[in-house]
>>> print(open('structure.cif').read())   # mmCIF, C-alpha atoms
data_input
#
loop_
_atom_site.label_atom_id
_atom_site.label_comp_id
_atom_site.auth_asym_id
_atom_site.auth_seq_id
_atom_site.Cartn_x
_atom_site.Cartn_y
_atom_site.Cartn_z
CA MET A 1 12.34 6.02 18.58
CA LEU A 2 14.11 9.09 17.21
CA GLN A 3 17.32 9.55 19.05
CA GLY A 4 19.74 11.34 16.70
CA SER A 5 21.30 14.38 18.35
CA ALA A 6 21.75 16.44 15.19
CA ARG A 7 18.38 17.58 13.87
CA PRO A 8 19.00 19.73 10.80
CA LEU A 9 16.31 21.78 9.20
CA GLU A 10 16.13 19.38 6.28
CA TYR A 11 14.44 16.76 8.43
CA LEU A 12 11.71 17.96 10.75
CA VAL A 13 10.01 15.88 13.42
CA PRO A 14 6.88 17.62 14.70
CA ALA A 15 5.60 17.12 18.23
CA ASP A 16 1.96 17.25 17.22
CA VAL A 17 -0.43 17.80 14.32
CA ALA A 18 -0.52 21.58 14.72
CA GLU A 19 3.25 21.82 14.54
CA ALA A 20 3.35 19.50 11.52
CA ALA A 21 0.75 21.64 9.74
CA ALA A 22 2.74 24.78 10.50
CA MET A 23 5.90 23.17 9.09
CA LYS A 24 4.01 22.22 5.95
CA ALA A 25 2.67 25.76 5.65
CA ALA A 26 6.29 26.97 5.80
CA GLY A 27 7.14 24.84 2.76
CA ALA A 28 8.11 21.41 4.08
CA LEU A 29 7.25 18.24 2.14
CA VAL A 30 5.05 15.89 4.16
CA LEU A 31 6.42 12.35 4.46
CA ALA A 32 4.32 9.51 5.88
CA GLY A 33 4.96 6.05 4.40
CA GLY A 34 7.23 7.47 1.71
CA THR A 35 6.02 5.12 -1.02
CA ASP A 36 5.00 8.00 -3.30
CA VAL A 37 7.59 10.56 -2.15
CA TYR A 38 10.65 8.53 -3.15
CA PRO A 39 9.42 7.27 -6.54
CA THR A 40 8.73 10.87 -7.59
CA HIS A 41 12.32 11.85 -6.74
CA VAL A 42 14.30 9.05 -8.39
CA GLY A 43 17.62 10.47 -9.52
CA ARG A 44 17.10 13.93 -8.08
CA PRO A 45 17.32 15.30 -4.56
CA ILE A 46 14.34 16.32 -2.47
CA ALA A 47 15.01 20.05 -2.60
CA ARG A 48 13.05 21.15 0.44
CA PRO A 49 12.74 20.20 4.07
CA ILE A 50 10.90 17.01 4.92
CA VAL A 51 8.39 16.94 7.76
CA ASP A 52 8.12 13.35 8.94
CA ILE A 53 4.65 12.78 10.35
CA ALA A 54 5.01 9.01 10.76
CA GLY A 55 5.50 9.35 14.51
CA LEU A 56 2.27 11.22 15.22
CA ASP A 57 0.15 8.81 17.28
CA ALA A 58 -2.98 10.93 16.81
CA LEU A 59 -2.97 9.91 13.13
CA LYS A 60 -2.71 6.17 13.77
CA GLY A 61 -5.14 3.32 14.18
CA ILE A 62 -8.53 2.21 12.94
CA GLU A 63 -11.36 2.66 15.41
CA VAL A 64 -15.12 2.48 15.76
CA THR A 65 -16.57 5.79 16.90
CA HIS A 66 -20.04 7.04 17.75
CA ASP A 67 -20.46 8.27 14.17
CA GLY A 68 -18.96 5.29 12.36
CA TYR A 69 -15.38 4.34 11.61
CA ARG A 70 -12.29 6.48 11.87
CA LEU A 71 -9.24 5.41 9.88
CA GLY A 72 -6.21 7.39 10.97
CA ALA A 73 -4.39 8.97 8.02
CA LEU A 74 -1.32 6.89 8.92
CA ALA A 75 -3.20 3.57 8.74
CA ARG A 76 -1.01 1.44 6.51
CA TRP A 77 -2.43 -0.82 3.79
CA SER A 78 -1.31 -3.94 5.65
CA GLU A 79 -3.29 -2.72 8.70
CA VAL A 80 -6.37 -2.06 6.58
CA ALA A 81 -6.10 -5.52 5.01
CA ALA A 82 -5.82 -7.20 8.42
CA ALA A 83 -8.38 -5.05 10.27
CA ASN A 84 -11.50 -6.67 11.68
CA LEU A 85 -14.03 -4.68 9.68
CA ALA A 86 -17.65 -5.24 8.60
CA PRO A 87 -18.46 -6.94 5.26
CA ARG A 88 -19.08 -3.60 3.54
CA PHE A 89 -15.32 -2.95 3.89
CA ASP A 90 -14.41 -6.10 1.91
CA ALA A 91 -13.74 -4.12 -1.27
CA LEU A 92 -11.45 -1.68 0.53
CA ARG A 93 -9.62 -4.57 2.16
CA ALA A 94 -9.24 -6.31 -1.20
CA ALA A 95 -7.76 -3.11 -2.62
CA ALA A 96 -5.37 -2.91 0.33
CA ARG A 97 -3.90 -6.23 -0.78
CA GLU A 98 -3.44 -4.94 -4.36
CA VAL A 99 -1.48 -1.76 -3.57
CA GLY A 100 2.04 -2.54 -4.73
CA ALA A 101 3.62 -5.50 -2.97
CA ILE A 102 3.74 -6.52 0.67
CA GLN A 103 6.79 -4.32 1.24
CA VAL A 104 4.80 -1.32 -0.02
CA GLN A 105 1.65 -2.27 1.91
CA ASN A 106 3.77 -2.28 5.08
CA ALA A 107 4.73 1.36 4.53
CA GLY A 108 2.12 3.12 2.37
CA THR A 109 -0.72 4.88 4.17
CA ILE A 110 -4.36 5.52 3.34
CA GLY A 111 -3.88 9.27 3.90
CA GLY A 112 -0.96 9.35 1.50
CA ASN A 113 -2.97 7.52 -1.15
CA LEU A 114 -5.62 10.26 -0.99
CA CYS A 115 -3.21 13.21 -0.85
CA THR A 116 -1.26 11.96 -3.89
CA ALA A 117 -4.65 11.89 -5.65
CA SER A 118 -3.59 9.70 -8.56
CA PRO A 119 -6.48 8.85 -10.93
CA ALA A 120 -5.40 5.21 -10.45
CA ALA A 121 -5.26 5.29 -6.63
CA ASP A 122 -6.67 1.93 -5.55
CA GLY A 123 -8.12 3.33 -2.35
CA VAL A 124 -10.28 6.01 -3.92
CA PRO A 125 -13.18 4.13 -5.61
CA ASN A 126 -13.54 1.96 -2.53
CA LEU A 127 -13.70 4.93 -0.19
CA LEU A 128 -16.19 6.67 -2.50
CA THR A 129 -18.52 3.64 -2.26
CA LEU A 130 -18.20 3.80 1.53
CA ASP A 131 -19.32 7.46 1.43
CA ALA A 132 -16.05 8.48 3.07
CA SER A 133 -15.16 11.95 4.26
CA VAL A 134 -11.76 13.30 5.14
CA GLU A 135 -10.77 15.26 8.23
CA LEU A 136 -8.42 18.18 7.49
CA THR A 137 -6.57 19.86 10.35
CA SER A 138 -4.67 23.15 10.37
CA PRO A 139 -2.90 24.77 13.34
CA SER A 140 -6.10 26.68 14.11
CA SER A 141 -9.02 24.70 12.69
CA ARG A 142 -10.50 21.36 11.74
CA ARG A 143 -12.94 20.68 8.91
CA VAL A 144 -14.53 17.63 7.33
CA LEU A 145 -15.03 17.34 3.57
CA PRO A 146 -16.71 14.57 1.57
CA LEU A 147 -14.01 12.66 -0.31
CA GLU A 148 -15.66 13.67 -3.60
CA GLY A 149 -15.17 17.32 -2.67
CA PHE A 150 -11.60 16.75 -1.48
CA LEU A 151 -10.40 15.27 -4.77
CA THR A 152 -10.57 18.17 -7.22
CA GLY A 153 -8.73 16.81 -10.27
CA TYR A 154 -5.68 15.02 -11.60
CA ARG A 155 -3.30 14.83 -8.61
CA SER A 156 -5.09 17.80 -7.13
CA THR A 157 -6.95 18.19 -3.82
CA ALA A 158 -8.69 20.81 -1.72
CA LEU A 159 -6.02 20.48 0.98
CA GLY A 160 -4.91 23.92 2.17
CA ASP A 161 -1.22 24.83 2.47
CA ASP A 162 -1.52 24.78 6.24
CA GLU A 163 -3.66 21.63 6.45
CA LEU A 164 -2.92 17.96 7.00
CA LEU A 165 -5.26 15.13 6.14
CA THR A 166 -5.61 13.57 9.59
CA ALA A 167 -8.30 10.90 9.20
CA VAL A 168 -10.72 9.16 6.87
CA LEU A 169 -14.26 8.98 8.28
CA ILE A 170 -16.83 6.37 7.26
CA PRO A 171 -20.43 6.97 8.39
CA ARG A 172 -22.39 4.34 10.32
CA GLY A 173 -24.88 1.96 8.79
CA GLY A 174 -25.19 -0.79 6.21
CA ASP A 175 -22.39 -2.86 7.71
CA ASP A 176 -23.78 -6.05 6.15
CA ALA A 177 -23.74 -4.63 2.62
CA ARG A 178 -21.83 -6.75 0.09
CA ALA A 179 -18.72 -5.20 -1.37
CA THR A 180 -16.59 -6.15 -4.37
CA PHE A 181 -13.43 -4.62 -5.82
CA LEU A 182 -12.21 -5.56 -9.30
CA LYS A 183 -8.96 -4.29 -10.72
CA LEU A 184 -7.85 -4.76 -14.31
CA GLY A 185 -4.14 -4.46 -14.98
CA LEU A 186 -1.78 -5.62 -17.70
CA ARG A 187 -0.49 -8.40 -15.44
CA ARG A 188 -1.71 -9.95 -12.24
CA TYR A 189 0.62 -8.11 -9.84
CA LEU A 190 2.40 -4.81 -9.26
CA VAL A 191 0.45 -2.88 -11.81
CA ILE A 192 -1.14 0.49 -12.12
CA SER A 193 -4.82 -0.10 -12.82
CA VAL A 194 -6.22 0.19 -16.32
CA VAL A 195 -9.75 0.15 -14.89
CA MET A 196 -11.02 -0.56 -11.41
CA VAL A 197 -14.50 -0.92 -10.04
CA SER A 198 -15.85 -0.84 -6.52
CA ALA A 199 -19.42 -1.83 -5.67
CA VAL A 200 -21.15 -1.77 -2.28
CA ILE A 201 -24.71 -3.10 -2.37
CA ASP A 202 -27.09 -3.18 0.59
CA PHE A 203 -29.88 -5.75 0.09
CA ASP A 204 -33.21 -5.89 1.90
CA GLU A 205 -34.68 -9.08 3.44
CA ARG A 206 -36.24 -10.08 0.12
CA GLY A 207 -32.93 -9.84 -1.68
CA ARG A 208 -33.66 -6.60 -3.46
CA VAL A 209 -31.30 -3.67 -3.63
CA ARG A 210 -31.97 -1.20 -0.84
CA GLU A 211 -29.01 0.99 -1.70
CA ALA A 212 -26.24 0.67 -4.27
CA ARG A 213 -23.00 2.54 -4.54
CA VAL A 214 -20.73 1.97 -7.54
CA ALA A 215 -17.52 3.79 -8.47
CA VAL A 216 -15.07 3.47 -11.35
CA GLY A 217 -11.40 4.45 -11.10
CA ALA A 218 -8.70 5.16 -13.71
CA CYS A 219 -11.30 6.25 -16.28
CA SER A 220 -11.41 9.95 -15.39
CA PRO A 221 -9.10 12.44 -13.62
CA VAL A 222 -10.81 11.47 -10.36
CA ALA A 223 -12.61 8.18 -9.72
CA GLN A 224 -16.37 8.64 -10.13
CA ARG A 225 -19.56 7.33 -8.59
CA LEU A 226 -22.09 6.14 -11.19
CA ARG A 227 -25.15 7.74 -9.65
CA ALA A 228 -27.56 7.09 -12.53
CA LEU A 229 -26.72 3.39 -12.33
CA GLU A 230 -27.07 3.44 -8.55
CA ALA A 231 -30.58 4.90 -8.92
CA ASP A 232 -31.57 2.29 -11.52
CA LEU A 233 -30.32 -0.55 -9.32
CA ARG A 234 -32.61 0.33 -6.44
CA GLY A 235 -35.29 -2.33 -5.92
CA LYS A 236 -33.75 -4.80 -8.37
CA PRO A 237 -33.40 -8.47 -7.35
CA ALA A 238 -29.90 -9.71 -6.48
CA ASP A 239 -29.65 -12.14 -9.39
CA SER A 240 -30.42 -9.56 -12.10
CA LEU A 241 -28.04 -6.71 -11.36
CA GLU A 242 -25.66 -7.29 -14.26
CA GLU A 243 -28.54 -6.80 -16.73
CA VAL A 244 -29.25 -3.31 -15.40
CA VAL A 245 -25.97 -1.86 -16.69
CA ALA A 246 -26.38 0.20 -19.87
CA PRO A 247 -23.84 2.30 -21.83
CA ALA A 248 -25.54 5.52 -20.71
CA HIS A 249 -24.60 4.71 -17.12
CA LEU A 250 -20.93 5.11 -18.03
CA ALA A 251 -21.37 8.23 -20.15
CA GLU A 252 -19.77 10.50 -17.57
CA LEU A 253 -16.47 8.62 -17.64
CA THR A 254 -13.72 10.31 -19.65
CA PRO A 255 -11.08 7.62 -20.17
CA ILE A 256 -7.88 8.49 -22.01
CA ASP A 257 -5.52 6.74 -24.43
CA ASP A 258 -2.19 6.02 -22.79
CA VAL A 259 0.60 3.44 -22.69
CA ARG A 260 -1.60 0.99 -20.80
CA ALA A 261 -4.80 1.01 -22.85
CA THR A 262 -6.94 2.99 -25.28
CA ALA A 263 -9.90 5.04 -24.13
CA ASP A 264 -12.26 2.77 -26.08
CA TYR A 265 -10.86 -0.34 -24.42
CA ARG A 266 -11.13 1.28 -21.00
CA ARG A 267 -14.76 2.20 -21.58
CA ARG A 268 -15.68 -1.34 -22.66
CA ALA A 269 -13.66 -2.91 -19.86
CA ALA A 270 -15.34 -0.61 -17.32
CA ALA A 271 -18.80 -1.75 -18.47
CA THR A 272 -17.76 -5.40 -18.22
CA LEU A 273 -16.17 -5.00 -14.80
CA VAL A 274 -19.13 -3.04 -13.42
CA GLY A 275 -21.42 -5.89 -14.48
CA ARG A 276 -19.14 -8.50 -12.92
CA ALA A 277 -18.81 -6.56 -9.68
CA LEU A 278 -22.58 -6.23 -9.36
CA ALA A 279 -23.08 -9.91 -10.14
CA ALA A 280 -20.49 -10.83 -7.49
CA CYS A 281 -22.27 -8.73 -4.86
CA GLY A 282 -25.57 -10.40 -5.81
CA ARG A 283 -24.13 -13.92 -5.59
CA ASP A 284 -22.49 -13.13 -2.27
CA ARG A 285 -25.74 -12.00 -0.66
CA MET B 1 19.87 20.07 1.26
CA SER B 2 22.97 18.35 2.49
CA ALA B 3 22.89 18.93 6.23
CA ASP B 4 23.76 15.78 8.09
CA LEU B 5 21.80 13.74 10.55
CA THR B 6 23.01 11.14 13.00
CA THR B 7 21.11 7.87 12.78
CA THR B 8 21.57 4.70 14.81
CA LEU B 9 20.33 1.35 13.55
CA VAL B 10 20.84 -2.17 14.83
CA VAL B 11 21.93 -3.85 11.61
CA ASN B 12 22.05 -7.64 11.79
CA GLY B 13 22.51 -7.44 15.55
CA ARG B 14 25.28 -4.84 15.39
CA THR B 15 24.66 -1.25 16.54
CA VAL B 16 25.71 1.15 13.79
CA THR B 17 25.74 4.94 14.23
CA ARG B 18 26.50 7.13 11.23
CA THR B 19 26.13 10.79 10.37
CA ALA B 20 24.95 11.30 6.81
CA GLY B 21 22.64 13.31 4.55
CA ALA B 22 19.26 13.84 6.16
CA HIS B 23 17.36 12.76 3.04
CA LEU B 24 19.19 9.49 2.43
CA SER B 25 17.04 6.45 1.80
CA LEU B 26 17.59 3.50 4.12
CA LEU B 27 19.10 1.62 1.18
CA ARG B 28 21.66 4.38 0.44
CA TRP B 29 22.44 4.67 4.15
CA LEU B 30 23.10 0.93 4.37
CA ARG B 31 25.10 0.62 1.15
CA ASP B 32 26.97 3.92 0.85
CA VAL B 33 27.40 4.92 4.49
CA ALA B 34 27.34 1.75 6.57
CA ASP B 35 28.96 -0.50 3.92
CA VAL B 36 26.18 -3.10 4.14
CA LEU B 37 26.09 -4.22 0.51
CA ASP B 38 23.70 -7.16 0.30
CA PRO B 39 20.47 -5.16 -0.22
CA LYS B 40 20.55 -4.16 -3.90
CA TYR B 41 19.55 -0.97 -5.68
CA ALA B 42 17.51 -1.70 -8.80
CA CYS B 43 14.26 0.14 -9.55
CA GLY B 44 14.51 2.83 -6.86
CA GLU B 45 10.74 3.12 -6.61
CA GLY B 46 9.55 0.23 -4.49
CA VAL B 47 8.54 -2.13 -7.24
CA CYS B 48 11.17 -4.84 -7.66
CA GLY B 49 11.98 -6.01 -4.13
CA ALA B 50 15.78 -6.25 -4.60
CA CYS B 51 16.32 -3.83 -1.70
CA ALA B 52 13.96 -5.53 0.77
CA VAL B 53 15.12 -5.65 4.39
CA LEU B 54 13.33 -6.45 7.62
CA VAL B 55 12.64 -3.39 9.78
CA ASP B 56 11.63 -4.59 13.24
CA GLY B 57 10.67 -7.87 11.61
CA GLU B 58 8.56 -6.51 8.72
CA PRO B 59 9.72 -6.53 5.11
CA VAL B 60 9.98 -3.07 3.57
CA SER B 61 11.52 -1.70 0.39
CA SER B 62 14.55 0.14 1.75
CA CYS B 63 14.83 2.34 -1.37
CA ILE B 64 11.64 4.21 -0.46
CA VAL B 65 12.13 4.56 3.30
CA LEU B 66 14.16 7.35 4.83
CA ALA B 67 16.95 6.09 7.11
CA ALA B 68 16.00 8.84 9.57
CA GLN B 69 12.44 7.50 9.68
CA VAL B 70 13.56 4.19 11.14
CA ASP B 71 16.16 5.59 13.55
CA GLY B 72 16.58 3.13 16.40
CA ALA B 73 15.07 0.18 14.51
CA ARG B 74 16.39 -3.34 14.13
CA VAL B 75 17.28 -3.94 10.50
CA THR B 76 17.92 -7.43 9.13
CA THR B 77 19.45 -7.90 5.69
CA ALA B 78 19.98 -11.18 3.87
CA ALA B 79 23.50 -11.44 5.31
CA GLY B 80 21.96 -11.26 8.76
CA LEU B 81 20.11 -14.52 8.17
CA THR B 82 23.45 -16.32 8.32
CA GLY B 83 24.66 -17.59 11.69
CA PRO B 84 27.66 -16.17 13.55
CA GLY B 85 29.90 -18.94 12.26
CA GLY B 86 28.77 -18.39 8.68
CA GLU B 87 26.27 -21.25 8.73
CA LEU B 88 23.40 -20.78 6.32
CA SER B 89 19.81 -20.54 7.50
CA PRO B 90 17.58 -23.41 6.31
CA LEU B 91 16.12 -21.05 3.71
CA GLN B 92 19.51 -19.95 2.46
CA ARG B 93 20.59 -23.60 2.27
CA ALA B 94 17.45 -24.46 0.30
CA PHE B 95 18.17 -21.62 -2.16
CA HIS B 96 21.68 -23.06 -2.59
CA GLU B 97 20.49 -26.65 -2.99
CA HIS B 98 17.73 -25.76 -5.47
CA HIS B 99 19.90 -23.40 -7.52
CA ALA B 100 17.45 -20.57 -6.82
CA ALA B 101 19.89 -17.85 -7.87
CA GLN B 102 21.48 -17.21 -11.23
CA CYS B 103 22.90 -13.69 -11.33
CA GLY B 104 21.92 -13.33 -7.67
CA PHE B 105 20.79 -9.72 -7.82
CA CYS B 106 17.24 -10.42 -6.65
CA THR B 107 18.31 -13.07 -4.15
CA PRO B 108 18.84 -10.91 -1.02
CA GLY B 109 15.34 -9.48 -1.40
CA MET B 110 13.87 -12.90 -2.16
CA LEU B 111 15.49 -14.31 0.99
CA ILE B 112 14.20 -11.46 3.15
CA CYS B 113 10.62 -11.64 1.89
CA ALA B 114 10.57 -15.43 2.03
CA THR B 115 11.93 -15.31 5.58
CA ALA B 116 9.11 -12.97 6.59
CA MET B 117 6.61 -15.18 4.77
CA LEU B 118 7.71 -18.34 6.60
CA ALA B 119 7.91 -16.67 10.00
CA ASP B 120 4.34 -17.68 10.88
CA GLY B 121 5.22 -21.37 10.56
CA MET B 122 2.30 -22.05 8.19
CA THR B 123 2.68 -24.46 5.29
CA ARG B 124 1.87 -22.84 1.97
CA THR B 125 0.95 -24.21 -1.44
CA ARG B 126 3.10 -23.27 -4.43
CA ASP B 127 0.40 -20.84 -5.54
CA GLU B 128 0.36 -19.19 -2.14
CA ILE B 129 4.14 -18.88 -2.19
CA ARG B 130 3.98 -17.26 -5.62
CA HIS B 131 1.25 -14.90 -4.48
CA GLU B 132 3.09 -13.75 -1.38
CA LEU B 133 6.33 -13.30 -3.28
CA HIS B 134 4.75 -11.04 -5.88
CA GLY B 135 6.82 -8.08 -4.78
CA ASN B 136 10.11 -9.69 -5.79
CA LEU B 137 11.07 -9.64 -9.44
CA CYS B 138 13.68 -11.96 -10.97
CA ARG B 139 14.89 -11.34 -14.50
CA CYS B 140 17.00 -14.43 -15.15
CA THR B 141 16.36 -17.84 -13.59
CA GLY B 142 12.63 -17.51 -13.51
CA TYR B 143 10.74 -18.28 -10.37
CA GLN B 144 10.54 -22.07 -10.52
CA GLN B 145 13.62 -22.78 -8.46
CA VAL B 146 12.84 -19.99 -6.00
CA VAL B 147 9.44 -21.53 -5.31
CA ASP B 148 11.08 -24.98 -5.11
CA ALA B 149 13.49 -23.68 -2.48
CA ILE B 150 10.87 -21.96 -0.36
CA GLU B 151 8.59 -24.98 -0.53
CA ALA B 152 11.44 -27.22 0.63
CA ALA B 153 12.49 -24.83 3.37
CA GLN B 154 9.10 -24.27 4.97
CA GLY B 155 8.89 -26.17 8.20
CA ALA B 156 12.66 -26.60 8.26
CA ALA B 157 13.09 -22.83 8.17
CA GLN B 158 10.44 -22.16 10.73
CA GLY B 159 12.57 -21.79 13.83
CA ALA B 160 15.33 -19.76 12.24
CA ALA B 161 12.87 -17.56 10.39
CA GLN B 162 11.05 -16.66 13.54
CA GLY B 163 14.31 -15.64 15.17
CA ALA B 164 15.28 -13.54 12.19
CA ALA B 165 11.88 -11.88 12.01
CA GLN B 166 12.44 -10.76 15.55
CA GLY B 167 15.85 -9.43 14.62
CA ILE B 168 17.69 -12.19 16.45
CA PRO B 169 20.55 -13.71 14.48
CA PRO B 170 19.95 -17.46 14.18
#
>>> encode(input="structure.cif", output="structure tokens")
Amino acid sequence: MLQGSARPLEYLVPADVAEAAAMKAAGALVLAGGTDVYPTHVGRPIARPIVDIAGLDALKGIEVTHDGYRLGALARWSEVAAANLAPRFDALRAAAREVGAIQVQNAGTIGGNLCTASPAADGVPNLLTLDASVELTSPSSRRVLPLEGFLTGYRSTALGDDELLTAVLIPRGGDDARATFLKLGLRRYLVISVVMVSAVIDFDERGRVREARVAVGACSPVAQRLRALEADLRGKPADSLEEVVAPAHLAELTPIDDVRATADYRRRAAATLVGRALAACGRDR
Amino acid sequence: MSADLTTTLVVNGRTVTRTAGAHLSLLRWLRDVADVLDPKYACGEGVCGACAVLVDGEPVSSCIVLAAQVDGARVTTAAGLTGPGGELSPLQRAFHEHHAAQCGFCTPGMLICATAMLADGMTRTRDEIRHELHGNLCRCTGYQQVVDAIEAAQGAAQGAAQGAAQGIPP
């Protein structure tokens, strides 16, 4: 696909992951889908070399493995939305259809969404409720970190200077769990989330919660699992989940006042959306 | 960071090779280097859809894609939907007939995304058309006439749209 003869140092095309990681370690800016890189450089040049990883086949595709699912870091949102995945991925797929517009979903990647580490990244709460891990690869090593450990703060990650995020890993099990994603924005489309909620609920044969995973995004520097709520949901019948939610379950959230909403509004909206998401999972069972 | 890079794209069926800044967006490459002026620069951050083009048949926001990243690709802009003799595609004709453009700035992107939408030959409701066009903002006529035009063109546009989505001029 790349056929230009001139190949200046400002635009680097690595042959493999190790070479890409070495170029990054030497100071190059990693470019995959580009949907975050360009908006952060409007009106000013990109003042360092770009390493274009979009051609690395090892980072592509969505596949079932022995251990679960492997989503290549270059999996684009439109691929995630269209992928033939189990019901527990429904929330992630719903989020994939809410990331920007179709033109953005055709370019933006799941790996980029995680590396940008925005508090409002639509992918994050849904990957937290899937118990996702990330695979990080350097020229000399490979390690796997839980997503919660990878995201360390506001637009901050545990990615080393010489590492690339190469895949998102979802463990096996609970494929029939019900999953719901709710996003609150100031309009229906093309918005940065004010609050978002992801819920993945695995029910037993009697319709009681076997395992619940709930995460809230855009209400703290990094989206958070609500583990106290998850514990209280265990064993509850499908039609009563909304009633379980109490203010204390959201105490760990630290929403802020900004141009989109006040902290108080965010906290109330989060409680409402969590209840709705749980009710939707229960109805869907 | 001004070193140049040679990039070749097949723009509306024509092979174009240019040497330009290695960090140029596809939109800047098309407009400033290759003199293809129908995709418009507006938001510059992938929100408004005015710069949408088809890259190998898929709509993308050309302001947030590097030209170098799509080296070798087939790029279709709104002008490329028109036939060799200047005849309008069914969708373009429907936009004309339904007065779906006022200032016209969003129109090239609207035409590109609507062409991609209709390429599957499915018939959509007005709500579905609105939903799928959510990445294209218009700040003057409103969307009523745009939806009218796309609704009228679906079916009629099918054949031409499929050709365009494959990068084949109608």
>>> residues_around(input="structure.cif", residues="segment 27-34 of chain B", least_positions_apart="5", cutoff="7 Å", atoms="all atoms listed in the file", output="PDB file with C-alpha atoms, keeping the file's coordinate frame")
ATOM      1  CA  CYS B  51      16.320  -3.830  -1.700  1.00  0.00           C
ATOM      2  CA  SER B  62      14.550   0.140   1.750  1.00  0.00           C
ATOM      3  CA  CYS B  63      14.830   2.340  -1.370  1.00  0.00           C
ATOM      4  CA  ALA B  67      16.950   6.090   7.110  1.00  0.00           C
TER       5      ALA B  67
END
>>> atom_distance(input="structure.cif", atom1="atom CA of Asn113 of chain A", atom2="atom CA of Gly174 of chain A")
24.8 Å
>>> residues_near_point(input="structure.cif", point="(14.8, -5.7, 1.1)", cutoff="7 Å", atoms="all atoms listed in the file", output="list of chain:residue names")
B:Pro39, B:Gly49, B:Ala50, B:Cys51, B:Ala52, B:Val53, B:Leu54, B:Pro59, B:Val60, B:Ser61, B:Ser62, B:Thr77, B:Pro108, B:Gly109, B:Ile112
>>> closest_residue(input="structure.cif", among="B:Leu24, B:Ile64, B:Val11, B:Cys138", to="chain A", atoms="only C-alpha atoms")
B:Ile64
>>> residues_around(input="structure.cif", residues="segment 269-283 of chain A", least_positions_apart="3", cutoff="6 Å", atoms="all atoms listed in the file", output="PDB file with C-alpha atoms, in the coordinates of the input")
ATOM      1  CA  ARG A 178     -21.830  -6.750   0.090  1.00  0.00           C
ATOM      2  CA  THR A 180     -16.590  -6.150  -4.370  1.00  0.00           C
ATOM      3  CA  ALA A 238     -29.900  -9.710  -6.480  1.00  0.00           C
ATOM      4  CA  ASP A 239     -29.650 -12.140  -9.390  1.00  0.00           C
ATOM      5  CA  LEU A 241     -28.040  -6.710 -11.360  1.00  0.00           C
ATOM      6  CA  GLU A 242     -25.660  -7.290 -14.260  1.00  0.00           C
ATOM      7  CA  TYR A 265     -10.860  -0.340 -24.420  1.00  0.00           C
ATOM      8  CA  ARG A 266     -11.130   1.280 -21.000  1.00  0.00           C
TER       9      ARG A 266
END
>>> residues_around(input="structure.cif", residues="segment 127-136 of chain A", least_positions_apart="5", cutoff="9 Å", atoms="all atoms listed in the file", output="PDB file with C-alpha atoms, in the coordinates of the input")
ATOM      1  CA  ALA A  73      -4.390   8.970   8.020  1.00  0.00           C
ATOM      2  CA  ARG A  88     -19.080  -3.600   3.540  1.00  0.00           C
ATOM      3  CA  PHE A  89     -15.320  -2.950   3.890  1.00  0.00           C
ATOM      4  CA  LEU A  92     -11.450  -1.680   0.530  1.00  0.00           C
ATOM      5  CA  GLY A 111      -3.880   9.270   3.900  1.00  0.00           C
ATOM      6  CA  SER A 141      -9.020  24.700  12.690  1.00  0.00           C
ATOM      7  CA  ARG A 142     -10.500  21.360  11.740  1.00  0.00           C
ATOM      8  CA  ARG A 143     -12.940  20.680   8.910  1.00  0.00           C
ATOM      9  CA  VAL A 144     -14.530  17.630   7.330  1.00  0.00           C
ATOM     10  CA  LEU A 145     -15.030  17.340   3.570  1.00  0.00           C
ATOM     11  CA  PRO A 146     -16.710  14.570   1.570  1.00  0.00           C
ATOM     12  CA  LEU A 147     -14.010  12.660  -0.310  1.00  0.00           C
ATOM     13  CA  GLU A 148     -15.660  13.670  -3.600  1.00  0.00           C
ATOM     14  CA  GLY A 149     -15.170  17.320  -2.670  1.00  0.00           C
ATOM     15  CA  PHE A 150     -11.600  16.750  -1.480  1.00  0.00           C
ATOM     16  CA  LEU A 159      -6.020  20.480   0.980  1.00  0.00           C
ATOM     17  CA  GLY A 160      -4.910  23.920   2.170  1.00  0.00           C
ATOM     18  CA  GLU A 163      -3.660  21.630   6.450  1.00  0.00           C
ATOM     19  CA  LEU A 164      -2.920  17.960   7.000  1.00  0.00           C
ATOM     20  CA  LEU A 165      -5.260  15.130   6.140  1.00  0.00           C
ATOM     21  CA  THR A 166      -5.610  13.570   9.590  1.00  0.00           C
ATOM     22  CA  ALA A 167      -8.300  10.900   9.200  1.00  0.00           C
ATOM     23  CA  VAL A 168     -10.720   9.160   6.870  1.00  0.00           C
ATOM     24  CA  LEU A 169     -14.260   8.980   8.280  1.00  0.00           C
ATOM     25  CA  ILE A 170     -16.830   6.370   7.260  1.00  0.00           C
ATOM     26  CA  PRO A 171     -20.430   6.970   8.390  1.00  0.00           C
ATOM     27  CA  ALA A 179     -18.720  -5.200  -1.370  1.00  0.00           C
ATOM     28  CA  SER A 198     -15.850  -0.840  -6.520  1.00  0.00           C
ATOM     29  CA  ALA A 199     -19.420  -1.830  -5.670  1.00  0.00           C
ATOM     30  CA  VAL A 200     -21.150  -1.770  -2.280  1.00  0.00           C
ATOM     31  CA  ALA A 212     -26.240   0.670  -4.270  1.00  0.00           C
ATOM     32  CA  ARG A 213     -23.000   2.540  -4.540  1.00  0.00           C
ATOM     33  CA  VAL A 214     -20.730   1.970  -7.540  1.00  0.00           C
ATOM     34  CA  ALA A 215     -17.520   3.790  -8.470  1.00  0.00           C
ATOM     35  CA  ALA A 223     -12.610   8.180  -9.720  1.00  0.00           C
ATOM     36  CA  GLN A 224     -16.370   8.640 -10.130  1.00  0.00           C
ATOM     37  CA  ARG A 225     -19.560   7.330  -8.590  1.00  0.00           C
TER      38      ARG A 225
END
